[in-house]
Amino acid sequence: MSLLYLHTKTHIVIIYLIALNCTTFIFYLYDKAIATKSFTRVPESTLHLLAIVGGSPAALLAQKLFRHKTAKSSFRIIYYSIVLGQITLIGYCIYTGIFFAK
């Protein structure tokens with residue numbers, strides 16, 4: 001595997017994560033803005049899905065900045081379970097060397 005290929009792959013992952021985290025942040029902002037109005041809310045399952053696929057850092061930031069979804073314990077339990085799973089997966093990948101070229 002060439003170094004150029006790894007470099008390109010890394011850029012794609014970084015762009016994906018930046019775009020996904022910006023999207024996640026906007027979804028939380030939108031949901032908080034319409035929480036007291038009679039508009040259709042963003043389903044919790046959508047917010048969790050965004051966190052699962054890589055938007056958990058922005059989700060945490062938005063929860064803290066907007067004080068959104070911080071009082072609902074069922075939402076927090078699922079969210080922190082997602083984060084724990086992600087940390088475990090990343091740790092496993094680092095431990096087994098999956099992230100490193102051989």
# chains A, B, ... in the order shown; residues from 1 in each chain; ligands from 1

call {"tool": "residues_around", "arguments": {"residues": "range 47-50 of chain A", "least_positions_apart": "6", "cutoff": "10 Å", "atoms": "only C-alpha atoms", "output": "PyMOL selection string"}}
result
chain A and resi 20-21+23-25+27-28+31+56+58-59+75+78-79+82

call {"tool": "closest_atom_pairs", "arguments": {"of": "range 51-92 of chain A", "to": "range 12-18 of chain A", "cutoff": "12 Å", "atoms": "only C-alpha atoms", "output": "CSV"}}
result
residue,atom,partner,partner_atom,distance
A:Ala51,CA,A:Leu17,CA,10.9
A:Ile52,CA,A:Leu17,CA,11.8
A:Val53,CA,A:Leu17,CA,9.0
A:Gly54,CA,A:Leu17,CA,6.4
A:Gly55,CA,A:Leu17,CA,7.2
A:Ser56,CA,A:Leu17,CA,10.1
A:Pro57,CA,A:Leu17,CA,9.8
A:Ala58,CA,A:Ile18,CA,9.4

call {"tool": "atom_distance", "arguments": {"atom1": "CA of Lys69 in chain A", "atom2": "CA of Leu29 in chain A"}}
result
11.3 Å

call {"tool": "select_by_dssp", "arguments": {"residues": "chain A", "states": "alpha helix (DSSP H)", "output": "JSON, numbers by chain"}}
result
{"A": [3, 4, 5, 6, 7, 8, 9, 10, 11, 12, 13, 14, 15, 16, 17, 18, 19, 20, 21, 22, 23, 24, 25, 26, 27, 28, 29, 30, 31, 32, 33, 44, 45, 46, 47, 48, 49, 50, 56, 57, 58, 59, 60, 61, 62, 63, 64, 65, 66, 73, 74, 75, 76, 77, 78, 79, 80, 81, 82, 83, 84, 85, 86, 87, 88, 89, 90, 91, 92, 93, 94, 95, 96]}

call {"tool": "atom_distance", "arguments": {"atom1": "CA of Thr70 in chain A", "atom2": "CA of Gln86 in chain A"}}
result
20.1 Å
